[in-house]
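Listing of entry.pdb, PDB, C-alpha atoms, pLDDT in the B column
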ATOM      1  CA  MET A   1    -123.518 -41.756 -12.608  1.00 41.00           C
ATOM      2  CA  SER A   2    -123.132 -41.491 -16.364  1.00 45.00           C
ATOM      3  CA  ALA A   3    -125.821 -39.383 -18.031  1.00 48.00           C
ATOM      4  CA  LEU A   4    -124.260 -39.547 -21.477  1.00 49.00           C
ATOM      5  CA  PRO A   5    -126.213 -40.780 -24.495  1.00 50.00           C
ATOM      6  CA  PRO A   6    -124.967 -43.971 -26.162  1.00 48.00           C
ATOM      7  CA  LYS A   7    -122.262 -43.705 -28.793  1.00 46.00           C
ATOM      8  CA  SER A   8    -124.805 -44.772 -31.443  1.00 39.00           C
ATOM      9  CA  ASP A   9    -126.310 -41.270 -31.249  1.00 52.00           C
ATOM     10  CA  ARG A  10    -123.111 -39.860 -32.696  1.00 68.00           C
ATOM     11  CA  LYS A  11    -123.971 -40.637 -36.310  1.00 70.00           C
ATOM     12  CA  GLN A  12    -120.746 -40.412 -38.339  1.00 90.00           C
ATOM     13  CA  ILE A  13    -118.664 -38.325 -35.940  1.00 95.00           C
ATOM     14  CA  LYS A  14    -115.505 -40.081 -34.751  1.00 96.00           C
ATOM     15  CA  LYS A  15    -114.546 -37.782 -31.862  1.00 97.00           C
ATOM     16  CA  ILE A  16    -116.375 -35.027 -29.987  1.00 97.00           C
ATOM     17  CA  TYR A  17    -114.435 -32.697 -27.710  1.00 98.00           C
ATOM     18  CA  ALA A  18    -115.780 -29.904 -25.536  1.00 97.00           C
ATOM     19  CA  VAL A  19    -113.679 -26.766 -25.140  1.00 97.00           C
ATOM     20  CA  GLY A  20    -114.452 -24.690 -22.069  1.00 94.00           C
ATOM     21  CA  SER A  21    -113.134 -22.940 -19.030  1.00 90.00           C
ATOM     22  CA  GLY A  22    -115.984 -22.091 -16.711  1.00 80.00           C
ATOM     23  CA  LYS A  23    -114.813 -18.501 -17.077  1.00 77.00           C
ATOM     24  CA  GLY A  24    -115.287 -15.870 -19.743  1.00 80.00           C
ATOM     25  CA  GLY A  25    -112.477 -13.760 -21.123  1.00 81.00           C
ATOM     26  CA  VAL A  26    -109.792 -16.433 -21.471  1.00 88.00           C
ATOM     27  CA  GLY A  27    -110.020 -16.678 -25.259  1.00 89.00           C
ATOM     28  CA  LYS A  28    -111.881 -19.978 -25.301  1.00 95.00           C
ATOM     29  CA  SER A  29    -113.521 -19.374 -28.688  1.00 96.00           C
ATOM     30  CA  SER A  30    -110.248 -18.344 -30.288  1.00 96.00           C
ATOM     31  CA  VAL A  31    -108.646 -21.544 -28.981  1.00 97.00           C
ATOM     32  CA  THR A  32    -111.580 -23.568 -30.354  1.00 98.00           C
ATOM     33  CA  SER A  33    -111.188 -21.888 -33.745  1.00 98.00           C
ATOM     34  CA  LEU A  34    -107.441 -22.518 -33.821  1.00 98.00           C
ATOM     35  CA  LEU A  35    -107.941 -26.157 -32.810  1.00 98.00           C
ATOM     36  CA  ALA A  36    -110.292 -26.571 -35.757  1.00 99.00           C
ATOM     37  CA  VAL A  37    -107.799 -24.926 -38.104  1.00 98.00           C
ATOM     38  CA  ALA A  38    -104.978 -27.114 -36.771  1.00 98.00           C
ATOM     39  CA  ALA A  39    -107.019 -30.285 -37.283  1.00 98.00           C
ATOM     40  CA  SER A  40    -108.135 -29.186 -40.750  1.00 98.00           C
ATOM     41  CA  ARG A  41    -104.522 -28.589 -41.799  1.00 98.00           C
ATOM     42  CA  GLN A  42    -103.798 -32.194 -40.847  1.00 97.00           C
ATOM     43  CA  GLY A  43    -106.348 -33.282 -43.430  1.00 97.00           C
ATOM     44  CA  LYS A  44    -109.097 -34.026 -40.921  1.00 98.00           C
ATOM     45  CA  LYS A  45    -112.812 -33.448 -41.473  1.00 98.00           C
ATOM     46  CA  VAL A  46    -113.744 -30.904 -38.815  1.00 98.00           C
ATOM     47  CA  GLY A  47    -116.856 -29.292 -37.381  1.00 98.00           C
ATOM     48  CA  ILE A  48    -117.542 -26.677 -34.705  1.00 98.00           C
ATOM     49  CA  LEU A  49    -120.762 -26.557 -32.690  1.00 98.00           C
ATOM     50  CA  ASP A  50    -121.005 -23.114 -31.109  1.00 97.00           C
ATOM     51  CA  ALA A  51    -122.890 -23.885 -27.889  1.00 95.00           C
ATOM     52  CA  ASP A  52    -122.549 -20.321 -26.608  1.00 92.00           C
ATOM     53  CA  ILE A  53    -126.090 -19.398 -27.656  1.00 89.00           C
ATOM     54  CA  THR A  54    -126.199 -15.952 -26.036  1.00 84.00           C
ATOM     55  CA  GLY A  55    -122.648 -14.927 -26.932  1.00 86.00           C
ATOM     56  CA  PRO A  56    -121.766 -16.706 -30.180  1.00 91.00           C
ATOM     57  CA  SER A  57    -118.540 -15.653 -31.876  1.00 93.00           C
ATOM     58  CA  ILE A  58    -117.338 -18.604 -33.968  1.00 97.00           C
ATOM     59  CA  PRO A  59    -118.889 -17.364 -37.270  1.00 96.00           C
ATOM     60  CA  THR A  60    -117.014 -14.074 -36.909  1.00 96.00           C
ATOM     61  CA  PHE A  61    -113.650 -15.851 -36.737  1.00 97.00           C
ATOM     62  CA  PHE A  62    -114.382 -17.642 -40.007  1.00 98.00           C
ATOM     63  CA  GLY A  63    -116.205 -14.848 -41.830  1.00 96.00           C
ATOM     64  CA  LEU A  64    -119.459 -16.811 -42.022  1.00 95.00           C
ATOM     65  CA  SER A  65    -122.862 -15.173 -42.418  1.00 91.00           C
ATOM     66  CA  THR A  66    -124.684 -17.790 -44.516  1.00 84.00           C
ATOM     67  CA  PHE A  67    -128.121 -18.739 -43.205  1.00 84.00           C
ATOM     68  CA  PRO A  68    -128.139 -22.548 -42.746  1.00 85.00           C
ATOM     69  CA  PHE A  69    -130.297 -24.404 -45.267  1.00 80.00           C
ATOM     70  CA  GLY A  70    -132.828 -26.756 -43.703  1.00 79.00           C
ATOM     71  CA  ASN A  71    -135.500 -29.190 -44.805  1.00 78.00           C
ATOM     72  CA  ALA A  72    -137.293 -32.256 -43.476  1.00 74.00           C
ATOM     73  CA  ASP A  73    -134.017 -34.184 -43.510  1.00 79.00           C
ATOM     74  CA  GLY A  74    -132.201 -31.728 -41.266  1.00 84.00           C
ATOM     75  CA  ILE A  75    -130.092 -28.583 -41.281  1.00 90.00           C
ATOM     76  CA  GLN A  76    -127.089 -28.208 -43.566  1.00 92.00           C
ATOM     77  CA  PRO A  77    -124.314 -26.368 -41.686  1.00 94.00           C
ATOM     78  CA  PRO A  78    -122.408 -23.588 -43.464  1.00 95.00           C
ATOM     79  CA  VAL A  79    -118.853 -24.492 -44.456  1.00 97.00           C
ATOM     80  CA  THR A  80    -115.747 -22.308 -44.191  1.00 98.00           C
ATOM     81  CA  ARG A  81    -113.207 -21.721 -46.971  1.00 97.00           C
ATOM     82  CA  THR A  82    -111.136 -24.699 -45.860  1.00 98.00           C
ATOM     83  CA  GLY A  83    -114.076 -27.038 -45.315  1.00 98.00           C
ATOM     84  CA  ILE A  84    -114.821 -26.650 -41.590  1.00 99.00           C
ATOM     85  CA  LYS A  85    -118.528 -27.107 -40.831  1.00 98.00           C
ATOM     86  CA  VAL A  86    -119.992 -24.583 -38.383  1.00 97.00           C
ATOM     87  CA  MET A  87    -123.320 -24.250 -36.590  1.00 96.00           C
ATOM     88  CA  SER A  88    -123.987 -21.195 -34.440  1.00 95.00           C
ATOM     89  CA  MET A  89    -126.917 -19.116 -33.245  1.00 92.00           C
ATOM     90  CA  ASN A  90    -125.424 -16.052 -34.946  1.00 91.00           C
ATOM     91  CA  LEU A  91    -126.038 -17.723 -38.306  1.00 91.00           C
ATOM     92  CA  LEU A  92    -129.770 -17.877 -37.548  1.00 88.00           C
ATOM     93  CA  LEU A  93    -130.280 -14.239 -36.563  1.00 81.00           C
ATOM     94  CA  GLU A  94    -131.436 -11.651 -39.096  1.00 75.00           C
ATOM     95  CA  ASP A  95    -129.463  -9.095 -37.099  1.00 72.00           C
ATOM     96  CA  PRO A  96    -126.463 -10.702 -35.344  1.00 70.00           C
ATOM     97  CA  THR A  97    -126.102  -7.638 -33.101  1.00 74.00           C
ATOM     98  CA  LYS A  98    -129.451  -8.336 -31.412  1.00 75.00           C
ATOM     99  CA  PRO A  99    -129.222 -10.154 -28.064  1.00 72.00           C
ATOM    100  CA  VAL A 100    -130.629 -13.636 -27.506  1.00 74.00           C
ATOM    101  CA  VAL A 101    -132.636 -13.175 -24.303  1.00 68.00           C
ATOM    102  CA  TRP A 102    -133.673 -16.733 -23.484  1.00 71.00           C
ATOM    103  CA  ARG A 103    -134.122 -18.705 -20.308  1.00 71.00           C
ATOM    104  CA  GLY A 104    -132.269 -21.930 -19.590  1.00 69.00           C
ATOM    105  CA  PRO A 105    -134.648 -24.479 -21.196  1.00 79.00           C
ATOM    106  CA  LEU A 106    -134.662 -22.631 -24.525  1.00 84.00           C
ATOM    107  CA  LEU A 107    -130.864 -22.446 -24.529  1.00 84.00           C
ATOM    108  CA  GLY A 108    -130.642 -26.159 -23.864  1.00 85.00           C
ATOM    109  CA  ASN A 109    -133.124 -26.973 -26.621  1.00 89.00           C
ATOM    110  CA  ALA A 110    -131.091 -24.962 -29.133  1.00 90.00           C
ATOM    111  CA  ILE A 111    -127.904 -26.823 -28.215  1.00 92.00           C
ATOM    112  CA  MET A 112    -129.609 -30.199 -28.586  1.00 92.00           C
ATOM    113  CA  GLN A 113    -131.029 -29.178 -31.971  1.00 91.00           C
ATOM    114  CA  PHE A 114    -127.601 -28.048 -33.142  1.00 93.00           C
ATOM    115  CA  PHE A 115    -126.291 -31.539 -32.446  1.00 94.00           C
ATOM    116  CA  ASN A 116    -129.252 -33.743 -33.341  1.00 91.00           C
ATOM    117  CA  GLU A 117    -130.816 -31.910 -36.293  1.00 91.00           C
ATOM    118  CA  VAL A 118    -127.731 -30.624 -38.088  1.00 93.00           C
ATOM    119  CA  LYS A 119    -126.457 -32.885 -40.880  1.00 93.00           C
ATOM    120  CA  TRP A 120    -122.841 -33.019 -39.731  1.00 94.00           C
ATOM    121  CA  GLY A 121    -122.042 -35.939 -42.019  1.00 92.00           C
ATOM    122  CA  GLU A 122    -118.691 -37.667 -41.693  1.00 94.00           C
ATOM    123  CA  LEU A 123    -116.369 -35.866 -39.279  1.00 96.00           C
ATOM    124  CA  ASP A 124    -113.073 -36.868 -37.750  1.00 97.00           C
ATOM    125  CA  VAL A 125    -113.687 -34.416 -34.920  1.00 98.00           C
ATOM    126  CA  LEU A 126    -116.413 -32.056 -33.716  1.00 98.00           C
ATOM    127  CA  PHE A 127    -115.344 -29.304 -31.325  1.00 98.00           C
ATOM    128  CA  VAL A 128    -118.070 -27.961 -29.024  1.00 98.00           C
ATOM    129  CA  ASP A 129    -117.383 -24.386 -27.938  1.00 97.00           C
ATOM    130  CA  LEU A 130    -119.032 -24.153 -24.512  1.00 95.00           C
ATOM    131  CA  PRO A 131    -120.428 -20.974 -22.929  1.00 90.00           C
ATOM    132  CA  PRO A 132    -118.880 -19.708 -19.684  1.00 86.00           C
ATOM    133  CA  GLY A 133    -120.031 -21.085 -16.349  1.00 80.00           C
ATOM    134  CA  THR A 134    -121.450 -24.416 -15.214  1.00 78.00           C
ATOM    135  CA  ALA A 135    -125.180 -23.629 -15.413  1.00 80.00           C
ATOM    136  CA  ASP A 136    -128.057 -24.948 -17.557  1.00 83.00           C
ATOM    137  CA  ALA A 137    -126.606 -24.448 -21.044  1.00 86.00           C
ATOM    138  CA  VAL A 138    -123.272 -26.071 -20.202  1.00 90.00           C
ATOM    139  CA  LEU A 139    -124.935 -28.950 -18.375  1.00 90.00           C
ATOM    140  CA  THR A 140    -127.248 -29.579 -21.329  1.00 89.00           C
ATOM    141  CA  ALA A 141    -124.315 -29.668 -23.740  1.00 92.00           C
ATOM    142  CA  MET A 142    -122.291 -31.989 -21.525  1.00 93.00           C
ATOM    143  CA  GLN A 143    -125.222 -34.331 -20.854  1.00 91.00           C
ATOM    144  CA  SER A 144    -126.929 -34.414 -24.259  1.00 90.00           C
ATOM    145  CA  ILE A 145    -123.837 -34.613 -26.473  1.00 94.00           C
ATOM    146  CA  PRO A 146    -121.674 -37.739 -26.046  1.00 93.00           C
ATOM    147  CA  MET A 147    -118.344 -36.054 -25.364  1.00 95.00           C
ATOM    148  CA  ASP A 148    -115.079 -37.955 -25.699  1.00 96.00           C
ATOM    149  CA  GLY A 149    -113.201 -35.368 -23.686  1.00 97.00           C
ATOM    150  CA  PHE A 150    -113.079 -31.861 -22.254  1.00 97.00           C
ATOM    151  CA  LEU A 151    -110.204 -29.459 -22.938  1.00 98.00           C
ATOM    152  CA  LEU A 152    -109.849 -26.800 -20.250  1.00 96.00           C
ATOM    153  CA  VAL A 153    -108.729 -23.330 -21.317  1.00 96.00           C
ATOM    154  CA  THR A 154    -107.215 -21.107 -18.664  1.00 94.00           C
ATOM    155  CA  SER A 155    -105.077 -17.987 -18.352  1.00 91.00           C
ATOM    156  CA  PRO A 156    -102.110 -17.402 -16.028  1.00 88.00           C
ATOM    157  CA  GLN A 157    -104.036 -15.754 -13.165  1.00 88.00           C
ATOM    158  CA  GLU A 158    -105.017 -17.610 -10.006  1.00 88.00           C
ATOM    159  CA  ILE A 159    -108.627 -16.412 -10.377  1.00 88.00           C
ATOM    160  CA  SER A 160    -108.835 -18.216 -13.705  1.00 90.00           C
ATOM    161  CA  SER A 161    -107.430 -21.408 -12.198  1.00 89.00           C
ATOM    162  CA  LEU A 162    -110.020 -21.279  -9.420  1.00 90.00           C
ATOM    163  CA  VAL A 163    -112.919 -21.153 -11.877  1.00 92.00           C
ATOM    164  CA  VAL A 164    -111.392 -23.771 -14.178  1.00 93.00           C
ATOM    165  CA  ARG A 165    -111.243 -26.154 -11.211  1.00 94.00           C
ATOM    166  CA  LYS A 166    -115.032 -25.872 -10.961  1.00 93.00           C
ATOM    167  CA  ALA A 167    -115.417 -26.747 -14.634  1.00 94.00           C
ATOM    168  CA  ALA A 168    -113.114 -29.729 -14.123  1.00 95.00           C
ATOM    169  CA  ALA A 169    -115.175 -30.875 -11.140  1.00 94.00           C
ATOM    170  CA  MET A 170    -118.341 -30.628 -13.241  1.00 94.00           C
ATOM    171  CA  ALA A 171    -116.772 -32.788 -15.963  1.00 94.00           C
ATOM    172  CA  GLU A 172    -115.798 -35.359 -13.349  1.00 94.00           C
ATOM    173  CA  MET A 173    -119.368 -35.431 -12.000  1.00 93.00           C
ATOM    174  CA  LEU A 174    -120.665 -36.060 -15.533  1.00 93.00           C
ATOM    175  CA  GLU A 175    -117.957 -38.651 -16.230  1.00 94.00           C
ATOM    176  CA  VAL A 176    -116.483 -36.712 -19.138  1.00 96.00           C
ATOM    177  CA  PRO A 177    -112.707 -37.315 -19.263  1.00 96.00           C
ATOM    178  CA  LEU A 178    -110.387 -34.324 -19.145  1.00 97.00           C
ATOM    179  CA  LEU A 179    -108.143 -33.973 -22.202  1.00 96.00           C
ATOM    180  CA  GLY A 180    -105.823 -31.543 -20.490  1.00 95.00           C
ATOM    181  CA  VAL A 181    -105.234 -27.852 -19.901  1.00 96.00           C
ATOM    182  CA  VAL A 182    -104.041 -25.204 -22.323  1.00 96.00           C
ATOM    183  CA  GLU A 183    -103.008 -21.792 -21.027  1.00 94.00           C
ATOM    184  CA  ASN A 184    -103.957 -18.890 -23.264  1.00 92.00           C
ATOM    185  CA  MET A 185    -102.479 -15.376 -23.226  1.00 86.00           C
ATOM    186  CA  SER A 186     -99.495 -16.616 -21.231  1.00 84.00           C
ATOM    187  CA  SER A 187     -97.147 -13.859 -22.350  1.00 77.00           C
ATOM    188  CA  PHE A 188     -96.589 -11.177 -24.947  1.00 76.00           C
ATOM    189  CA  VAL A 189     -93.717 -11.642 -27.378  1.00 77.00           C
ATOM    190  CA  CYS A 190     -92.160  -8.390 -28.563  1.00 74.00           C
ATOM    191  CA  PRO A 191     -92.207  -8.439 -32.390  1.00 76.00           C
ATOM    192  CA  SER A 192     -89.000  -6.371 -32.498  1.00 75.00           C
ATOM    193  CA  CYS A 193     -86.678  -8.064 -30.015  1.00 79.00           C
ATOM    194  CA  GLY A 194     -88.444 -11.332 -29.215  1.00 74.00           C
ATOM    195  CA  SER A 195     -88.461 -10.738 -25.456  1.00 76.00           C
ATOM    196  CA  ARG A 196     -91.396 -12.098 -23.457  1.00 76.00           C
ATOM    197  CA  THR A 197     -93.484 -10.178 -20.946  1.00 79.00           C
ATOM    198  CA  GLU A 198     -95.805 -11.964 -18.529  1.00 77.00           C
ATOM    199  CA  LEU A 199     -98.682  -9.493 -18.685  1.00 76.00           C
ATOM    200  CA  PHE A 200    -100.724 -11.369 -16.081  1.00 76.00           C
ATOM    201  CA  GLY A 201     -97.883 -12.388 -13.801  1.00 75.00           C
ATOM    202  CA  PRO A 202     -96.486 -15.859 -13.084  1.00 79.00           C
ATOM    203  CA  SER A 203     -98.503 -18.815 -14.319  1.00 84.00           C
ATOM    204  CA  HIS A 204    -100.679 -20.841 -11.951  1.00 85.00           C
ATOM    205  CA  SER A 205    -101.296 -23.535 -14.565  1.00 88.00           C
ATOM    206  CA  PRO A 206     -98.545 -25.954 -13.397  1.00 87.00           C
ATOM    207  CA  ALA A 207    -100.179 -26.202  -9.970  1.00 88.00           C
ATOM    208  CA  LEU A 208    -103.602 -26.520 -11.597  1.00 92.00           C
ATOM    209  CA  THR A 209    -102.625 -29.411 -13.858  1.00 92.00           C
ATOM    210  CA  LYS A 210    -100.773 -31.164 -11.040  1.00 92.00           C
ATOM    211  CA  ASP A 211    -103.814 -30.968  -8.762  1.00 93.00           C
ATOM    212  CA  LEU A 212    -106.152 -32.165 -11.517  1.00 94.00           C
ATOM    213  CA  GLY A 213    -103.781 -34.907 -12.615  1.00 95.00           C
ATOM    214  CA  VAL A 214    -104.089 -33.995 -16.292  1.00 95.00           C
ATOM    215  CA  ALA A 215    -101.686 -33.160 -19.089  1.00 94.00           C
ATOM    216  CA  PHE A 216    -100.549 -29.600 -19.656  1.00 95.00           C
ATOM    217  CA  TRP A 217    -100.754 -29.022 -23.392  1.00 97.00           C
ATOM    218  CA  GLY A 218     -98.684 -25.862 -23.205  1.00 94.00           C
ATOM    219  CA  ASP A 219     -99.039 -22.112 -23.166  1.00 93.00           C
ATOM    220  CA  LEU A 220    -100.152 -19.883 -26.010  1.00 94.00           C
ATOM    221  CA  PRO A 221     -98.680 -16.375 -26.214  1.00 92.00           C
ATOM    222  CA  LEU A 222    -100.857 -13.309 -26.661  1.00 90.00           C
ATOM    223  CA  ASP A 223    -100.711 -12.496 -30.370  1.00 92.00           C
ATOM    224  CA  PRO A 224    -102.508  -9.408 -31.752  1.00 91.00           C
ATOM    225  CA  ASN A 225    -102.684 -11.123 -35.151  1.00 93.00           C
ATOM    226  CA  ILE A 226    -105.283 -13.548 -33.790  1.00 94.00           C
ATOM    227  CA  ALA A 227    -107.616 -10.646 -33.034  1.00 93.00           C
ATOM    228  CA  LYS A 228    -106.795  -8.948 -36.329  1.00 96.00           C
ATOM    229  CA  LEU A 229    -107.509 -11.995 -38.478  1.00 97.00           C
ATOM    230  CA  GLY A 230    -110.420 -13.100 -36.307  1.00 96.00           C
ATOM    231  CA  ASP A 231    -112.146  -9.732 -36.615  1.00 96.00           C
ATOM    232  CA  ALA A 232    -111.652  -9.892 -40.382  1.00 97.00           C
ATOM    233  CA  GLY A 233    -113.063 -13.422 -40.575  1.00 97.00           C
ATOM    234  CA  ASN A 234    -109.748 -14.825 -41.746  1.00 98.00           C
ATOM    235  CA  ILE A 235    -108.619 -16.994 -38.843  1.00 98.00           C
ATOM    236  CA  GLU A 236    -107.856 -19.785 -41.334  1.00 98.00           C
ATOM    237  CA  ASP A 237    -104.993 -17.639 -42.654  1.00 98.00           C
ATOM    238  CA  TYR A 238    -103.333 -17.399 -39.240  1.00 97.00           C
ATOM    239  CA  GLU A 239     -99.730 -18.571 -38.967  1.00 96.00           C
ATOM    240  CA  ASN A 240     -97.775 -19.041 -35.745  1.00 95.00           C
ATOM    241  CA  GLU A 241     -95.430 -22.013 -35.405  1.00 94.00           C
ATOM    242  CA  GLU A 242     -95.324 -21.840 -31.609  1.00 94.00           C
ATOM    243  CA  ILE A 243     -99.095 -21.842 -31.148  1.00 96.00           C
ATOM    244  CA  PHE A 244     -99.836 -24.530 -33.712  1.00 97.00           C
ATOM    245  CA  ALA A 245     -97.032 -26.715 -32.329  1.00 97.00           C
ATOM    246  CA  VAL A 246     -98.775 -26.701 -28.928  1.00 96.00           C
ATOM    247  CA  LEU A 247    -102.189 -27.501 -30.398  1.00 97.00           C
ATOM    248  CA  GLU A 248    -100.939 -30.170 -32.808  1.00 97.00           C
ATOM    249  CA  LYS A 249     -98.991 -31.894 -30.044  1.00 96.00           C
ATOM    250  CA  GLY A 250    -102.073 -31.839 -27.811  1.00 96.00           C
ATOM    251  CA  LEU A 251    -104.277 -33.285 -30.549  1.00 97.00           C
ATOM    252  CA  LYS A 252    -101.810 -36.036 -31.448  1.00 95.00           C
ATOM    253  CA  GLY A 253    -103.450 -39.422 -31.061  1.00 93.00           C
ATOM    254  CA  LYS A 254    -106.821 -37.857 -30.251  1.00 95.00           C
ATOM    255  CA  ILE A 255    -108.149 -37.285 -33.776  1.00 89.00           C
TER     256      ILE A 255
END

Full structure transcribed into structure tokens:
Amino acid sequence: MSALPPKSDRKQIKKIYAVGSGKGGVGKSSVTSLLAVAASRQGKKVGILDADITGPSIPTFFGLSTFPFGNADGIQPPVTRTGIKVMSMNLLLEDPTKPVVWRGPLLGNAIMQFFNEVKWGELDVLFVDLPPGTADAVLTAMQSIPMDGFLLVTSPQEISSLVVRKAAAMAEMLEVPLLGVVENMSSFVCPSCGSRTELFGPSHSPALTKDLGVAFWGDLPLDPNIAKLGDAGNIEDYENEEIFAVLEKGLKGKI
């Protein structure tokens, strides 16, 4: 029961991947940002569509506040220091601290406009940062944007795995292939001695990936530097061999 638009609607975008979890609080937007940075460092042309209309955070990670320029030909997305194109609701608000109090149809329309009316140009990959849940906004994004795959972001807890299973089931219903699972905030690495502490207990991701029959990309440790650089708008300066090794391995052959 495919509801996806034809590939011809994709313009000049080679691959489009959704990043979601079905659950808030797992660091989905930080993973999306780091995926974009990882792809950009490989010399790829990258874009991020922030589909979380009511809780957008992507511009903050990249220090963007430029109002997108638009004319009859479309909307020109702001570009980060390293050339990543970004479109987000926060870039359209005069005061980014004000809430976006919209009902489902308006949220869906905004997502479709971000894809159809933004002049993305030539991209090797467009990452779509999905909002939490499986309601109207997520369904609109998954049905109106021709996704090549869906990366599931989880955390070690069983409660996270339970919700991620729902997101995976939704993707299956919409015939969007699952790219795999990445576990965020798996452990904390002591900067002094290098010992690891499982802050959220043993991981439930191995059982999750086995049940879903998808690849486990790996686990990403909890690193305070992500928050520090993200808050400062400097996520493109982030360095962590372990984290980027996981993301680069997962992206291999997909972009």

_Nearby residues (only C-alpha atoms) at most 12 Å from A:Cys190, same-chain spacing under 6 positions excluded, as a count of residues only_ = 8

*Could you list the residues chosen by the PyMOL selection byres ((chain A and resi 87-102) around 9) in this structure as a PyMOL selection string?*
chain A and resi 47-60+64-68+76-78+85-86+103-107+110+114-115+118

*Find the distance between atom CA of A:Lys14 and atom CA of A:Glu172 and write it in Å to one decimal.*
21.9 Å

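Our summary of the geometry notes that atom CA of A:Phe62 is positioned 11.1 Å from atom CA of A:Tyr238.
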
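With all atoms listed in the file as the atoms that count, the minimum distance from A:Glu242 to the choices A:Ile75, A:Ile84, A:Ile255, A:Leu220 is reached by A:Leu220.
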
*Find the spatial neighbours of stretch 201-218 of chain A, counting only C-alpha atoms, within a cut-off of 6 Å - ignore same-chain residues fewer than 3 positions away - and output them as a PyMOL selection string.*
chain A and resi 156+158+180-182+198+246+250

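Taking atom CA of A:Glu239 as the reference point, atom CA of A:Arg81 is found at 16.0 Å.
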